[in-house]
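Single-structure report; data block below.
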Number of protein chains: 2
Amino acid sequence: MATSSVPVVTFAAESLRSFVERVFTALDVPAADAVVAAEVLITSDLRGIDSHGVARLPTYVGCLRQGMINPTPTVRVVRETPSTATVDGDNGLGLVVGPAANRIAIAKAAEIGTGWVSVRNTNHYGIAGYYVLRAIEAGLIGWSMTNSSAIVAPLWGAEARLGTNPIAVGFPAGEEPPIVVDMATSAVAYGKVEIAARKQVAIPEGWAIGPDGTSTLDPDEVLAGALLPLGSTRELGGHKGYGLAIVVDLLCCALSGANWGPWAPPFSPGLPTPSRQVGLGIGHFFGAMRVDAFLDAAEWGRQVDDFIRTMRATRPQPGTTGPLLPGDPERDAEADRTEHGIPLLAPVVDALRTISADLRVPLDEPIG
Amino acid sequence: MATSSVPVVTFAAESLRSFVERVFTALDVPAADAVVAAEVLITSDLRGIDSHGVARLPTYVGCLRQGMINPTPTVRVVRETPSTATVDGDNGLGLVVGPAANRIAIAKAAEIGTGWVSVRNTNHYGIAGYYVLRAIEAGLIGWSMTNSSAIVAPLWGAEARLGTNPIAVGFPAGEEPPIVVDMATSAVAYGKVEIAARKQVAIPEGWAIGPDGTSTLDPDEVLAGALLPLGSTRELGGHKGYGLAIVVDLLCCALSGANWGPWAPPFSPGLPTPSRQVGLGIGHFFGAMRVDAFLDAAEWGRQVDDFIRTMRATRPQPGTTGPLLPGDPERDAEADRTEHGIPLLAPVVDALRTISADLRVPLDEPIG
């Protein structure tokens, strides 16, 4: 996320997309897979979720170059029922394994009403919301979850034991744009702590604990401590965010045979693997549900449109513009950035230029 | 929940169960349905969720006596695929319609891997956790959600537009007891505000807003204002609790044809129906997933046991006993109350005695 103190350079989305594709193919990722992987990353940048877009490219590149991620995985179904599948991602890019597994969920929904896919032996898959957008395109309700390396404390714990474990659920509407819930199950994303650290400002009470397990307002203490689950404290419902993180871990990992909780491998070429491994890689979980399995699709569209308009008509809380619908901010960002380009922080641009030089993959000039 | 200032009277669970069964049959509920309805209510009391147990019996009785709830519903499937069903509850007791619909989800899971059921034209169904316990008994992962009448504000809204919309997800384990997440998607249950009102103490910042839409610490202001969603404020993730409440509303109501958001009918014989009705009754949503659709059940049991023990081994936050697993407090209450009886507040006992006299259904003497 851009802060006023750091210079910003703007690139056309298509320039970045093409660059990411060529970077992945230069690292032996098959061309069709590189297109999908770039699509996931650029979708994140377009939707304003800067932390999960090309800012992460150096990490993907580092993992591929160090052999931590397999560029040519054979993604296979290891168990199956008419409505479910368990997928082994062969340690491929999550940006490739995720979309492949999501397509299986969507195909099963078309066949039998719903489809549910748990995935092991995979890696960081980008934004959870990308996957439910694919379901929505097909007229389906979509679900997407992933675990990630431990940075969140269980309620009443003094150390990180769970990932930020996001949950996305997406709903097509009628005439209105779709509803896209896409949320970490922690009180806040780690990216917001990083911003506070860069600005050297205090973080709010309820975001994190320091190494001793007590509340901290110092962003520099969080990496040695932990983020708090959504709800933050027992009084405000921290057991609920913790419970949701457990749901994600069990559906993504225990169900597929991936590493849950503190044993999730790091998404970083520099960090060691945890002392125990209880499965393969990290895990994802995808779901797709056909609306017309439950009711006429036209009636669904009318009801969801009505729901959206009803929420928007809520009397606003003083000092606010009134309730948004989940997905509004991301859709606004996408419209703006599709037209005006994607602003990147100077350090991100520097990292892309280093990749460009190392791999001899040209990067277009910025547009602003 | 018992407070020191209000006298408590203890009844054997079987006495209360038998009483509730006979009350429902006295109100023309068929005997088999009365057994199920009593089972749901007593499970709530046994598990320590006093707000959803026999304390609600007067409301169910009032709704039945006023003809607001149909004692002899024909619960029917109105649409179906191999993995889904839409159920019309014929305006029956949610305590009867819910278990019937949940059984359909469980049966479909046995058949095809997973089963997903959306329910309209139903009423308050007790605790969400009851339903996932039935799935767990069958060795399945269970899901349960319901909407309820509006008492929660959308983030940045100044008025109640959504129910507390609970989500329960339950997971069988191996040797360890199951994990049962059962959570309202609001920051806090309304019952806790009622307790504060009774004690005339302030509620914490982050629970609620008053009639003007700004934060209130006065429990007496909440009924004219609203509860806040889980996360409470934008800074602490209130958009996430709001997003989860939307997920529940759409799966339970838009998908089945029930009343969502502010149009959910009240669960109270005294209150008027909202000015608009967009469907029939309230809605529920149930899911069941066969573990062995994804991996060997024995391996699942080992992984979940290991997960549970790993979470329990987390270094405790100072001043706490360390992390619990979801379902721990309820299981402890169930063990205690099965042995020592169910403590009821004196006003609840008075209400049961009034029902006993009105319907000429004897109530056993308390045991303490």
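In the structure tokens, the first chain shown is A, the next is B, and so on; residue numbers restart at 1 for each chain, and ligands run from 1 in the order shown.
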
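If we count only C-alpha atoms, these residues of chain A sit within 6 Å of chain B: Thr81, Pro82, Ser83, Thr86, Ile112, Gly113, Leu155, Trp156, Gly157, Ala158, Val181, Ala187, Gly213, Gly231, Leu236, Gly237, Gly243, Ala254, Phe294, Gln303, Thr314, Arg315, Pro316, Gln317, Gly322 and Pro323 of chain A.
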
DSSP-assigned alpha helix (DSSP H) among region 322-356 of chain A, expressed as a ChimeraX atom specification = /A:328-340,346-356

Dump of C-alpha atoms for the selected residues, as a short mmCIF file (atom, residue, chain, number, x, y, z; two decimals), in the first residue's frame:
data_model
loop_
_atom_site.label_atom_id
_atom_site.label_comp_id
_atom_site.auth_asym_id
_atom_site.auth_seq_id
_atom_site.Cartn_x
_atom_site.Cartn_y
_atom_site.Cartn_z
CA ASP A 328 -16.73 -2.80 -3.23
CA PRO A 329 -13.25 -1.42 -2.47
CA GLU A 330 -11.54 -4.04 -4.63
CA ARG A 331 -13.90 -3.43 -7.56
CA ASP A 332 -13.33 0.32 -7.35
CA ALA A 333 -9.57 -0.24 -7.33
CA GLU A 334 -9.86 -2.58 -10.33
CA ALA A 335 -11.76 0.00 -12.38
CA ASP A 336 -9.25 2.70 -11.51
CA ARG A 337 -6.11 0.64 -12.05
CA THR A 338 -7.32 -0.97 -15.27
CA GLU A 339 -7.62 2.56 -16.66
CA HIS A 340 -4.77 4.40 -14.95
CA ALA A 346 9.88 2.25 -5.44
CA PRO A 347 11.40 -0.69 -3.50
CA VAL A 348 9.03 -3.08 -5.33
CA VAL A 349 10.07 -1.59 -8.67
CA ASP A 350 13.73 -1.96 -7.71
CA ALA A 351 13.16 -5.63 -6.95
CA LEU A 352 11.40 -6.17 -10.29
CA ARG A 353 14.28 -4.47 -12.11
CA THR A 354 16.75 -6.74 -10.34
CA ILE A 355 14.76 -9.77 -11.52
CA SER A 356 14.64 -8.26 -14.99
#

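With distances restricted to only C-alpha atoms, B:Asn91 is the closest residue to Met68 (chain B) from B:Glu21, B:Trp263, B:Val96, B:Asn91.
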
Of B:Val97, B:Ala202, B:Val193, B:Leu223, the one nearest to Ser51 (chain B) when counting only C-alpha atoms is B:Val193

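Between CA of Thr74 (chain A) and CA of Gly92 (chain A) the separation is 8.0 Å.
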
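Distances to Asp88 (chain A) were evaluated for A:Pro362, A:Ser268, A:Ile69, A:Asn121 using only C-alpha atoms, and the minimum falls at A:Asn121.
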
Here CA of Val9 (chain B) and CA of Arg65 (chain B) stand apart by 26.9 Å

DSSP says strand (DSSP E) for which residues of region 123-275 of chain A? Put them as an mmCIF file with all heavy atoms, in the first residue's frame?
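Done, and the output landed in selection-v9.cif:
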data_model
loop_
_atom_site.group_PDB
_atom_site.id
_atom_site.type_symbol
_atom_site.label_atom_id
_atom_site.label_comp_id
_atom_site.auth_asym_id
_atom_site.auth_seq_id
_atom_site.Cartn_x
_atom_site.Cartn_y
_atom_site.Cartn_z
ATOM 1 N N LEU A 140 -21.542 -19.412 -10.307
ATOM 2 C CA LEU A 140 -21.572 -20.244 -9.105
ATOM 3 C C LEU A 140 -21.237 -19.434 -7.857
ATOM 4 O O LEU A 140 -20.582 -18.393 -7.934
ATOM 5 C CB LEU A 140 -20.538 -21.367 -9.226
ATOM 6 C CG LEU A 140 -20.628 -22.255 -10.468
ATOM 7 C CD1 LEU A 140 -19.392 -23.145 -10.566
ATOM 8 C CD2 LEU A 140 -21.888 -23.115 -10.418
ATOM 9 N N ILE A 141 -21.638 -19.948 -6.708
ATOM 10 C CA ILE A 141 -21.117 -19.487 -5.431
ATOM 11 C C ILE A 141 -19.767 -20.164 -5.232
ATOM 12 O O ILE A 141 -19.644 -21.376 -5.422
ATOM 13 C CB ILE A 141 -22.079 -19.865 -4.288
ATOM 14 C CG1 ILE A 141 -23.439 -19.167 -4.482
ATOM 15 C CG2 ILE A 141 -21.474 -19.523 -2.917
ATOM 16 C CD1 ILE A 141 -24.527 -19.692 -3.557
ATOM 17 N N GLY A 142 -18.739 -19.392 -4.876
ATOM 18 C CA GLY A 142 -17.402 -19.957 -4.732
ATOM 19 C C GLY A 142 -16.851 -19.818 -3.327
ATOM 20 O O GLY A 142 -17.162 -18.846 -2.625
ATOM 21 N N TRP A 143 -16.055 -20.801 -2.912
ATOM 22 C CA TRP A 143 -15.368 -20.798 -1.622
ATOM 23 C C TRP A 143 -13.877 -20.993 -1.861
ATOM 24 O O TRP A 143 -13.486 -21.764 -2.742
ATOM 25 C CB TRP A 143 -15.837 -21.963 -0.745
ATOM 26 C CG TRP A 143 -17.250 -21.921 -0.296
ATOM 27 C CD1 TRP A 143 -18.362 -22.110 -1.055
ATOM 28 C CD2 TRP A 143 -17.715 -21.710 1.044
ATOM 29 N NE1 TRP A 143 -19.492 -22.024 -0.278
ATOM 30 C CE2 TRP A 143 -19.114 -21.786 1.021
ATOM 31 C CE3 TRP A 143 -17.071 -21.475 2.252
ATOM 32 C CZ2 TRP A 143 -19.898 -21.621 2.163
ATOM 33 C CZ3 TRP A 143 -17.851 -21.321 3.391
ATOM 34 C CH2 TRP A 143 -19.248 -21.388 3.342
ATOM 35 N N SER A 144 -13.068 -20.355 -1.047
ATOM 36 C CA SER A 144 -11.621 -20.514 -1.164
ATOM 37 C C SER A 144 -10.978 -20.239 0.184
ATOM 38 O O SER A 144 -11.342 -19.274 0.869
ATOM 39 C CB SER A 144 -11.114 -19.523 -2.227
ATOM 40 O OG SER A 144 -9.738 -19.291 -2.127
ATOM 41 N N MET A 145 -10.073 -21.102 0.580
ATOM 42 C CA MET A 145 -9.336 -20.932 1.838
ATOM 43 C C MET A 145 -7.919 -21.439 1.627
ATOM 44 O O MET A 145 -7.677 -22.306 0.799
ATOM 45 C CB MET A 145 -9.946 -21.789 2.961
ATOM 46 C CG MET A 145 -11.423 -21.618 3.178
ATOM 47 S SD MET A 145 -12.002 -22.756 4.474
ATOM 48 C CE MET A 145 -13.789 -22.557 4.252
ATOM 49 N N THR A 146 -6.999 -20.934 2.411
ATOM 50 C CA THR A 146 -5.637 -21.484 2.407
ATOM 51 C C THR A 146 -5.034 -21.300 3.783
ATOM 52 O O THR A 146 -5.382 -20.356 4.499
ATOM 53 C CB THR A 146 -4.746 -20.787 1.359
ATOM 54 O OG1 THR A 146 -3.494 -21.489 1.266
ATOM 55 C CG2 THR A 146 -4.449 -19.328 1.729
ATOM 56 N N ILE A 167 -10.320 -16.715 4.396
ATOM 57 C CA ILE A 167 -11.541 -17.333 3.874
ATOM 58 C C ILE A 167 -12.137 -16.365 2.868
ATOM 59 O O ILE A 167 -12.339 -15.195 3.188
ATOM 60 C CB ILE A 167 -12.586 -17.563 4.988
ATOM 61 C CG1 ILE A 167 -12.043 -18.504 6.057
ATOM 62 C CG2 ILE A 167 -13.898 -18.081 4.412
ATOM 63 C CD1 ILE A 167 -12.996 -18.684 7.250
ATOM 64 N N ALA A 168 -12.429 -16.848 1.668
ATOM 65 C CA ALA A 168 -13.187 -16.052 0.707
ATOM 66 C C ALA A 168 -14.449 -16.810 0.333
ATOM 67 O O ALA A 168 -14.419 -18.032 0.166
ATOM 68 C CB ALA A 168 -12.361 -15.766 -0.546
ATOM 69 N N VAL A 169 -15.553 -16.082 0.238
ATOM 70 C CA VAL A 169 -16.806 -16.644 -0.272
ATOM 71 C C VAL A 169 -17.381 -15.616 -1.234
ATOM 72 O O VAL A 169 -17.488 -14.436 -0.881
ATOM 73 C CB VAL A 169 -17.831 -16.950 0.840
ATOM 74 C CG1 VAL A 169 -18.970 -17.804 0.291
ATOM 75 C CG2 VAL A 169 -17.183 -17.626 2.040
ATOM 76 N N GLY A 170 -17.707 -16.038 -2.440
ATOM 77 C CA GLY A 170 -18.205 -15.116 -3.450
ATOM 78 C C GLY A 170 -19.567 -15.530 -3.962
ATOM 79 O O GLY A 170 -19.834 -16.723 -4.154
ATOM 80 N N PHE A 171 -20.419 -14.524 -4.192
ATOM 81 C CA PHE A 171 -21.798 -14.761 -4.615
ATOM 82 C C PHE A 171 -22.093 -13.946 -5.867
ATOM 83 O O PHE A 171 -21.975 -12.708 -5.835
ATOM 84 C CB PHE A 171 -22.763 -14.319 -3.515
ATOM 85 C CG PHE A 171 -22.603 -15.033 -2.217
ATOM 86 C CD1 PHE A 171 -21.775 -14.520 -1.227
ATOM 87 C CD2 PHE A 171 -23.265 -16.226 -1.978
ATOM 88 C CE1 PHE A 171 -21.619 -15.175 -0.012
ATOM 89 C CE2 PHE A 171 -23.122 -16.894 -0.764
ATOM 90 C CZ PHE A 171 -22.297 -16.370 0.220
ATOM 91 N N ILE A 179 -20.982 -10.123 -4.726
ATOM 92 C CA ILE A 179 -20.497 -9.933 -3.353
ATOM 93 C C ILE A 179 -19.287 -10.839 -3.167
ATOM 94 O O ILE A 179 -19.376 -12.046 -3.391
ATOM 95 C CB ILE A 179 -21.607 -10.285 -2.342
ATOM 96 C CG1 ILE A 179 -22.767 -9.281 -2.452
ATOM 97 C CG2 ILE A 179 -21.048 -10.332 -0.923
ATOM 98 C CD1 ILE A 179 -23.963 -9.615 -1.575
ATOM 99 N N VAL A 180 -18.156 -10.246 -2.779
ATOM 100 C CA VAL A 180 -16.925 -11.028 -2.604
ATOM 101 C C VAL A 180 -16.360 -10.774 -1.209
ATOM 102 O O VAL A 180 -15.706 -9.760 -0.972
ATOM 103 C CB VAL A 180 -15.877 -10.670 -3.678
ATOM 104 C CG1 VAL A 180 -14.620 -11.523 -3.493
ATOM 105 C CG2 VAL A 180 -16.442 -10.870 -5.083
ATOM 106 N N VAL A 181 -16.641 -11.696 -0.299
ATOM 107 C CA VAL A 181 -16.034 -11.654 1.028
ATOM 108 C C VAL A 181 -14.647 -12.279 0.906
ATOM 109 O O VAL A 181 -14.516 -13.374 0.363
ATOM 110 C CB VAL A 181 -16.894 -12.445 2.044
ATOM 111 C CG1 VAL A 181 -16.223 -12.486 3.406
ATOM 112 C CG2 VAL A 181 -18.301 -11.866 2.128
ATOM 113 N N ASP A 182 -13.614 -11.587 1.353
ATOM 114 C CA ASP A 182 -12.243 -12.109 1.260
ATOM 115 C C ASP A 182 -11.494 -11.566 2.465
ATOM 116 O O ASP A 182 -11.107 -10.404 2.491
ATOM 117 C CB ASP A 182 -11.583 -11.657 -0.047
ATOM 118 C CG ASP A 182 -10.171 -12.206 -0.209
ATOM 119 O OD1 ASP A 182 -9.706 -12.960 0.671
ATOM 120 O OD2 ASP A 182 -9.533 -11.876 -1.228
ATOM 121 N N MET A 183 -11.296 -12.397 3.469
ATOM 122 C CA MET A 183 -10.836 -11.906 4.769
ATOM 123 C C MET A 183 -9.848 -12.852 5.427
ATOM 124 O O MET A 183 -10.061 -14.062 5.482
ATOM 125 C CB MET A 183 -12.047 -11.746 5.699
ATOM 126 C CG MET A 183 -12.935 -12.973 5.751
ATOM 127 S SD MET A 183 -14.268 -12.840 6.973
ATOM 128 C CE MET A 183 -13.424 -13.540 8.425
ATOM 129 N N ALA A 208 -1.946 -7.164 18.017
ATOM 130 C CA ALA A 208 -0.796 -8.062 18.164
ATOM 131 C C ALA A 208 -0.329 -8.185 19.602
ATOM 132 O O ALA A 208 -0.692 -7.384 20.472
ATOM 133 C CB ALA A 208 0.359 -7.547 17.303
ATOM 134 N N ILE A 209 0.482 -9.224 19.825
ATOM 135 C CA ILE A 209 1.184 -9.394 21.093
ATOM 136 C C ILE A 209 2.685 -9.402 20.817
ATOM 137 O O ILE A 209 3.129 -9.750 19.722
ATOM 138 C CB ILE A 209 0.779 -10.697 21.819
ATOM 139 C CG1 ILE A 209 0.928 -11.910 20.884
ATOM 140 C CG2 ILE A 209 -0.643 -10.598 22.351
ATOM 141 C CD1 ILE A 209 0.640 -13.250 21.557
ATOM 142 N N ALA A 226 3.237 -12.162 17.888
ATOM 143 C CA ALA A 226 2.232 -12.746 16.998
ATOM 144 C C ALA A 226 1.109 -11.745 16.758
ATOM 145 O O ALA A 226 0.874 -10.853 17.580
ATOM 146 C CB ALA A 226 1.646 -14.019 17.611
ATOM 147 N N LEU A 227 0.421 -11.912 15.632
ATOM 148 C CA LEU A 227 -0.848 -11.225 15.423
ATOM 149 C C LEU A 227 -1.913 -11.885 16.293
ATOM 150 O O LEU A 227 -1.783 -13.053 16.673
ATOM 151 C CB LEU A 227 -1.274 -11.317 13.952
ATOM 152 C CG LEU A 227 -0.357 -10.650 12.930
ATOM 153 C CD1 LEU A 227 -0.857 -10.947 11.510
ATOM 154 C CD2 LEU A 227 -0.289 -9.138 13.163
#

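Across the model, the gap from CA of Ile203 (chain B) to CA of Tyr130 (chain B) is 28.8 Å.
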
Residue with smallest distance to Arg47 (chain B) - pool B:Pro219, B:Pro366, B:Gly129, B:Gly98, counting only C-alpha atoms = B:Gly129

Near-Thr122 (chain A) list (7 Å; only C-alpha atoms; drop same-chain fewer than 6 positions) as a PyMOL selection string = chain A and resi 89-94+97+281-283
